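Chemist: Contents of run_9.cif (mmCIF, C-alpha atoms) are below:
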```
data_entry
loop_
_atom_site.label_atom_id
_atom_site.label_comp_id
_atom_site.auth_asym_id
_atom_site.auth_seq_id
_atom_site.Cartn_x
_atom_site.Cartn_y
_atom_site.Cartn_z
CA MET A 1 27.71 135.91 -78.42
CA LEU A 2 30.19 136.36 -81.26
CA LEU A 3 32.14 138.94 -79.27
CA ALA A 4 32.42 136.59 -76.31
CA MET A 5 33.74 133.81 -78.53
CA ALA A 6 36.24 136.11 -80.22
CA ALA A 7 37.51 137.27 -76.84
CA ASN A 8 38.33 133.68 -75.80
CA PRO A 9 39.85 131.86 -78.81
CA GLN A 10 40.54 128.72 -76.75
CA GLN A 11 36.80 128.03 -76.67
CA LEU A 12 36.72 127.97 -80.47
CA GLU A 13 39.36 125.25 -80.59
CA SER A 14 37.74 122.92 -78.07
CA GLN A 15 35.22 120.43 -79.37
CA PRO A 16 31.98 119.92 -77.44
CA SER A 17 32.04 116.65 -75.54
CA LYS A 18 29.38 114.03 -76.08
CA GLU A 19 28.34 114.55 -72.46
CA HIS A 20 27.60 118.22 -73.10
CA PRO A 21 26.15 118.60 -76.60
CA THR A 22 26.06 122.01 -78.22
CA ARG A 23 23.10 123.90 -76.81
CA THR A 24 22.80 126.50 -79.55
CA LYS A 25 22.36 125.96 -83.28
CA VAL A 26 21.87 128.49 -86.05
CA VAL A 27 19.75 127.09 -88.87
CA LEU A 28 19.44 128.91 -92.19
CA LEU A 29 15.96 128.07 -93.45
CA GLY A 30 16.15 130.47 -96.38
CA THR A 31 18.73 132.78 -97.84
CA GLY A 32 16.84 133.98 -100.90
CA THR A 33 16.26 137.45 -102.24
CA PRO A 34 13.14 139.05 -103.76
CA VAL A 35 14.04 137.28 -107.02
CA PRO A 36 11.91 134.09 -107.26
CA ASP A 37 14.73 131.53 -107.31
CA PRO A 38 13.22 128.01 -107.18
CA ASP A 39 16.32 126.71 -105.41
CA ARG A 40 16.20 129.17 -102.50
CA SER A 41 13.50 129.98 -99.96
CA GLY A 42 13.00 133.48 -98.61
CA PRO A 43 15.05 134.90 -95.74
CA ALA A 44 14.54 132.98 -92.50
CA THR A 45 16.99 132.02 -89.77
CA VAL A 46 16.40 130.09 -86.55
CA ILE A 47 18.49 130.32 -83.44
CA ALA A 48 17.72 127.12 -81.54
CA VAL A 49 18.74 126.87 -77.89
CA ASP A 50 18.01 123.45 -76.47
CA ASP A 51 14.31 122.91 -77.25
CA ARG A 52 13.48 126.60 -77.86
CA ALA A 53 13.55 128.11 -81.33
CA TYR A 54 13.72 131.80 -82.17
CA LEU A 55 12.84 132.59 -85.76
CA ILE A 56 14.26 135.69 -87.42
CA ASP A 57 12.34 136.73 -90.54
CA PHE A 58 9.75 134.61 -92.27
CA GLY A 59 10.23 134.71 -96.00
CA PRO A 60 8.38 132.52 -98.49
CA GLY A 61 8.70 128.81 -97.74
CA VAL A 62 9.64 129.24 -94.08
CA VAL A 63 7.25 126.61 -92.71
CA ARG A 64 8.26 123.92 -95.18
CA ARG A 65 11.96 124.63 -94.68
CA ALA A 66 11.44 124.44 -90.90
CA GLU A 67 9.84 121.02 -91.28
CA ALA A 68 12.74 119.90 -93.48
CA ALA A 69 15.24 121.01 -90.83
CA ALA A 70 13.28 119.18 -88.14
CA LEU A 71 13.38 115.99 -90.21
CA ARG A 72 17.15 116.45 -90.56
CA GLY A 73 17.73 116.40 -86.81
CA VAL A 74 16.76 119.79 -85.33
CA PRO A 75 13.35 119.04 -83.79
CA SER A 76 13.08 122.43 -82.06
CA VAL A 77 12.46 124.06 -85.44
CA ALA A 78 9.44 121.91 -86.34
CA PRO A 79 6.54 124.21 -87.30
CA GLY A 80 4.54 123.31 -84.19
CA ASN A 81 7.51 124.37 -82.05
CA LEU A 82 7.95 127.80 -83.62
CA LYS A 83 6.44 130.05 -80.97
CA VAL A 84 8.65 133.17 -81.01
CA ALA A 85 9.56 135.15 -84.12
CA PHE A 86 11.28 138.42 -84.93
CA VAL A 87 11.12 140.33 -88.18
CA THR A 88 13.92 142.70 -89.12
CA HIS A 89 11.88 144.82 -91.53
CA LEU A 90 8.59 144.60 -93.39
CA HIS A 91 9.76 143.98 -96.94
CA SER A 92 7.75 141.26 -98.65
CA ASP A 93 10.71 138.90 -99.08
CA HIS A 94 11.06 138.86 -95.26
CA THR A 95 7.33 138.59 -94.47
CA ALA A 96 5.60 136.67 -97.27
CA GLY A 97 5.62 133.49 -95.17
CA TYR A 98 3.96 135.21 -92.19
CA SER A 99 0.41 133.98 -92.79
CA ASP A 100 1.72 130.44 -93.30
CA LEU A 101 3.69 130.71 -90.06
CA ILE A 102 0.61 131.91 -88.16
CA LEU A 103 -1.84 129.42 -89.61
CA THR A 104 0.15 126.25 -90.28
CA GLY A 105 1.70 126.10 -86.82
CA TRP A 106 -1.66 125.03 -85.39
CA THR A 107 -1.89 121.97 -87.59
CA PRO A 108 1.20 120.20 -86.20
CA GLY A 109 0.46 121.13 -82.62
CA ARG A 110 1.30 124.70 -81.62
CA THR A 111 -1.25 125.44 -78.90
CA VAL A 112 -0.17 128.95 -77.93
CA PRO A 113 -0.38 132.15 -79.94
CA LEU A 114 2.70 133.02 -81.96
CA GLU A 115 4.78 135.75 -80.27
CA VAL A 116 6.11 138.14 -82.91
CA TYR A 117 8.35 141.17 -82.44
CA GLY A 118 9.29 143.72 -85.05
CA PRO A 119 9.19 147.27 -86.33
CA PRO A 120 6.26 149.67 -86.48
CA GLY A 121 3.65 148.40 -88.91
CA LEU A 122 3.90 144.78 -87.76
CA GLN A 123 0.76 144.99 -85.63
CA SER A 124 -1.25 146.36 -88.56
CA MET A 125 0.12 143.62 -90.83
CA THR A 126 -0.81 140.98 -88.24
CA GLU A 127 -4.33 142.33 -87.77
CA HIS A 128 -4.91 142.37 -91.53
CA ILE A 129 -3.64 138.80 -91.96
CA LEU A 130 -5.91 137.61 -89.14
CA GLN A 131 -8.86 139.43 -90.70
CA ALA A 132 -8.09 138.03 -94.15
CA TYR A 133 -8.08 134.48 -92.76
CA ARG A 134 -10.89 135.01 -90.22
CA VAL A 135 -13.17 132.37 -91.76
CA ASP A 136 -10.35 129.83 -91.95
CA ILE A 137 -9.27 130.51 -88.35
CA GLU A 138 -12.82 130.18 -87.05
CA THR A 139 -13.30 126.94 -88.95
CA ARG A 140 -10.08 125.36 -87.73
CA THR A 141 -10.31 126.52 -84.11
CA ASN A 142 -14.00 125.86 -83.52
CA PRO A 143 -14.08 122.66 -81.42
CA HIS A 144 -17.27 121.57 -83.22
CA GLY A 145 -16.31 122.84 -86.67
CA PRO A 146 -16.12 120.52 -89.68
CA MET A 147 -12.33 120.76 -90.00
CA ARG A 148 -11.70 120.08 -86.31
CA GLU A 149 -13.61 116.79 -86.43
CA ARG A 150 -11.67 115.71 -89.49
CA TRP A 151 -8.34 116.35 -87.73
CA SER A 152 -9.18 114.79 -84.41
CA ILE A 153 -7.22 111.66 -83.61
CA PRO A 154 -9.18 108.94 -81.80
#
```
Could you write out this structure as structure tokens?
Modeler:
Amino acid sequence: MLLAMAANPQQLESQPSKEHPTRTKVVLLGTGTPVPDPDRSGPATVIAVDDRAYLIDFGPGVVRRAEAAALRGVPSVAPGNLKVAFVTHLHSDHTAGYSDLILTGWTPGRTVPLEVYGPPGLQSMTEHILQAYRVDIETRTNPHGPMRERWSIP
């Protein structure tokens, strides 16, 4: 995409018309490092195209930062809308928000499994997270479970 824009500099100068709003947005949810900086969340970037969001990396705080971006006018990045994610590598600063991404997405309405793509080792990480939260997942997804009844809206 960047190469195409660089090849046609006239497109860079033109402003999108109100009739044709910009279809693609890049949202930096976190730009932190492994250092626990309270002012920066872990690495996470969303490429939003219309109503589809593609998350790249899921560092600490990703779900809360996604909700903040949604409240600031990018509804496609709301946690319930995050359905496709990519991880660049399996360092903890890029993956520490993974369990939150898997689990919290159900609460605001994601009804499909999270699609995640990444390097070797990701499947093992995913299986271990799901096993670690097995009891929680069963409780929250059981249609007759105690948590499900508490969340149901009449």
Chemist: Nearest to Val74 of chain A: which of A:Tyr117, A:Thr45, A:Ile137, A:Val27 is it, counting all atoms listed in the file?
Modeler: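 Checking each candidate against Val74 of chain A, we get A:Val27 as the closest.
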Chemist: Which is closer to Ile129 of chain A than all the others in A:Gly30, A:Gly42, A:Gly97, A:Pro60, using all atoms listed in the file?
Modeler: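 Ranking A:Gly30, A:Gly42, A:Gly97, A:Pro60 by distance to Ile129 of chain A, first place goes to A:Gly97.
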Chemist: What is the atom CA of His91 of chain A-atom CA of Met125 of chain A distance in Å, reported with one decimal?
Modeler: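 Spanning atom CA of His91 of chain A to atom CA of Met125 of chain A is a straight-line distance of 11.4 Å.
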Chemist: Which is closest to Gly59 of chain A among A:Pro43, A:Pro120, A:Gly32, A:Gly105, if we use all atoms listed in the file?
Modeler: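 With all atoms listed in the file as the atom set, the closest residue is A:Pro43.
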Chemist: Which residues would end up in the selection if the PyMOL selection byres ((chain A and resi 78) around 10) were applied here, given that I need the answer as a PyMOL selection string?
Modeler: chain A and resi 53+63-71+73-77+79-82+105+108-110
Chemist: Now that the selection is made, can you save its residues with C-alpha atoms as an mmCIF file, in the coordinates of the input?
Modeler:
```cif
data_model
loop_
_atom_site.group_PDB
_atom_site.id
_atom_site.type_symbol
_atom_site.label_atom_id
_atom_site.label_comp_id
_atom_site.auth_asym_id
_atom_site.auth_seq_id
_atom_site.Cartn_x
_atom_site.Cartn_y
_atom_site.Cartn_z
ATOM 1 C CA ALA A 53 13.550 128.110 -81.330
ATOM 2 C CA VAL A 63 7.250 126.610 -92.710
ATOM 3 C CA ARG A 64 8.260 123.920 -95.180
ATOM 4 C CA ARG A 65 11.960 124.630 -94.680
ATOM 5 C CA ALA A 66 11.440 124.440 -90.900
ATOM 6 C CA GLU A 67 9.840 121.020 -91.280
ATOM 7 C CA ALA A 68 12.740 119.900 -93.480
ATOM 8 C CA ALA A 69 15.240 121.010 -90.830
ATOM 9 C CA ALA A 70 13.280 119.180 -88.140
ATOM 10 C CA LEU A 71 13.380 115.990 -90.210
ATOM 11 C CA GLY A 73 17.730 116.400 -86.810
ATOM 12 C CA VAL A 74 16.760 119.790 -85.330
ATOM 13 C CA PRO A 75 13.350 119.040 -83.790
ATOM 14 C CA SER A 76 13.080 122.430 -82.060
ATOM 15 C CA VAL A 77 12.460 124.060 -85.440
ATOM 16 C CA PRO A 79 6.540 124.210 -87.300
ATOM 17 C CA GLY A 80 4.540 123.310 -84.190
ATOM 18 C CA ASN A 81 7.510 124.370 -82.050
ATOM 19 C CA LEU A 82 7.950 127.800 -83.620
ATOM 20 C CA GLY A 105 1.700 126.100 -86.820
ATOM 21 C CA PRO A 108 1.200 120.200 -86.200
ATOM 22 C CA GLY A 109 0.460 121.130 -82.620
ATOM 23 C CA ARG A 110 1.300 124.700 -81.620
#
```
Chemist: Out of A:Thr107, A:Thr22, A:Thr88, A:Ser99, which residue has the shortest atom-to-atom distance to Ala132 of chain A when counting all atoms listed in the file?
Modeler: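 Result for the nearest residue to Ala132 of chain A: A:Ser99.
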Chemist: Edge lengths and centre in Å to one decimal, as lines of an AutoDock Vina configuration file, of the axis-aligned box that encloses all listed atoms of segment 68-82 of chain A with 8 Å added on every side?
Modeler:
```
center_x = 11.1
center_y = 121.9
center_z = -87.8
size_x = 29.2
size_y = 27.8
size_z = 27.4
```
Chemist: Interatomic distance between atom CA of Thr95 of chain A and atom CA of Asp57 of chain A?
Modeler: 6.6 Å
Chemist: From the options A:Val116, A:Val35, A:Ile56, A:Leu130, which residue's atoms come nearest to Asp93 of chain A, counting all atoms listed in the file?
Modeler: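 The shortest atom-to-atom distance to Asp93 of chain A comes from A:Val35.
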Chemist: Rank nothing, just name the residue among A:Leu101, A:Ala96, A:Val62, A:Leu28 nearest to Ala48 of chain A, using all atoms listed in the file.
Modeler: A:Leu28
Chemist: Quick one: distance from atom CA of Gly118 of chain A to atom CA of Tyr98 of chain A in Å, one decimal?
Modeler: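 Atom CA of Gly118 of chain A sits 12.3 Å away from atom CA of Tyr98 of chain A.
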Chemist: Keeping C-alpha atoms (and nothing else), can you write segment 20-84 of chain A of this structure as a compact mmCIF listing (two decimals), in the first residue's frame?
Modeler:
```
# COMPACT_ATOMS: atom_id res chain seq x y z
CA HIS A 20 -16.09 9.08 -0.10
CA PRO A 21 -14.65 8.90 3.43
CA THR A 22 -11.29 7.25 3.99
CA ARG A 23 -11.82 3.50 4.02
CA THR A 24 -8.60 2.55 5.79
CA LYS A 25 -7.31 3.74 9.15
CA VAL A 26 -4.21 2.71 11.06
CA VAL A 27 -4.74 2.91 14.81
CA LEU A 28 -1.82 2.61 17.22
CA LEU A 29 -3.28 1.00 20.34
CA GLY A 30 0.09 0.59 22.03
CA THR A 31 3.66 1.51 21.26
CA GLY A 32 5.31 0.36 24.46
CA THR A 33 8.36 -1.77 25.06
CA PRO A 34 9.02 -4.53 27.61
CA VAL A 35 9.71 -1.77 30.15
CA PRO A 36 6.52 -1.29 32.25
CA ASP A 37 5.80 2.34 31.35
CA PRO A 38 2.44 3.36 32.90
CA ASP A 39 1.86 5.85 30.08
CA ARG A 40 2.20 3.35 27.23
CA SER A 41 0.41 0.09 26.47
CA GLY A 42 2.16 -2.84 24.84
CA PRO A 43 2.65 -3.12 21.08
CA ALA A 44 -0.64 -3.34 19.20
CA THR A 45 -1.72 -1.83 15.89
CA VAL A 46 -5.05 -2.08 14.07
CA ILE A 47 -5.56 -1.69 10.37
CA ALA A 48 -9.26 -0.89 10.01
CA VAL A 49 -10.85 -1.14 6.58
CA ASP A 50 -14.46 -0.02 6.63
CA ASP A 51 -16.03 -2.13 9.40
CA ARG A 52 -13.28 -4.80 9.49
CA ALA A 53 -10.36 -4.58 11.89
CA TYR A 54 -7.08 -6.46 11.60
CA LEU A 55 -5.04 -6.45 14.79
CA ILE A 56 -1.27 -6.79 14.63
CA ASP A 57 0.28 -7.84 17.94
CA PHE A 58 -1.54 -7.88 21.25
CA GLY A 59 0.62 -6.42 23.96
CA PRO A 60 -0.56 -5.65 27.49
CA GLY A 61 -3.60 -3.38 27.58
CA VAL A 62 -4.73 -4.11 24.01
CA VAL A 63 -8.40 -4.66 24.84
CA ARG A 64 -8.77 -1.51 26.90
CA ARG A 65 -6.93 0.59 24.31
CA ALA A 66 -9.21 -0.86 21.60
CA GLU A 67 -12.27 0.19 23.58
CA ALA A 68 -10.79 3.67 24.03
CA ALA A 69 -10.23 3.97 20.26
CA ALA A 70 -13.80 2.83 19.60
CA LEU A 71 -15.12 5.50 21.96
CA ARG A 72 -13.02 8.07 20.07
CA GLY A 73 -14.70 7.33 16.75
CA VAL A 74 -13.29 4.10 15.30
CA PRO A 75 -16.06 1.59 16.09
CA SER A 76 -14.49 -1.22 14.05
CA VAL A 77 -11.81 -1.61 16.74
CA ALA A 78 -14.24 -2.19 19.61
CA PRO A 79 -13.25 -5.41 21.43
CA GLY A 80 -16.33 -7.28 20.23
CA ASN A 81 -15.36 -6.45 16.63
CA LEU A 82 -11.79 -7.74 16.86
CA LYS A 83 -12.06 -11.05 15.02
CA VAL A 84 -8.76 -11.33 13.12
```
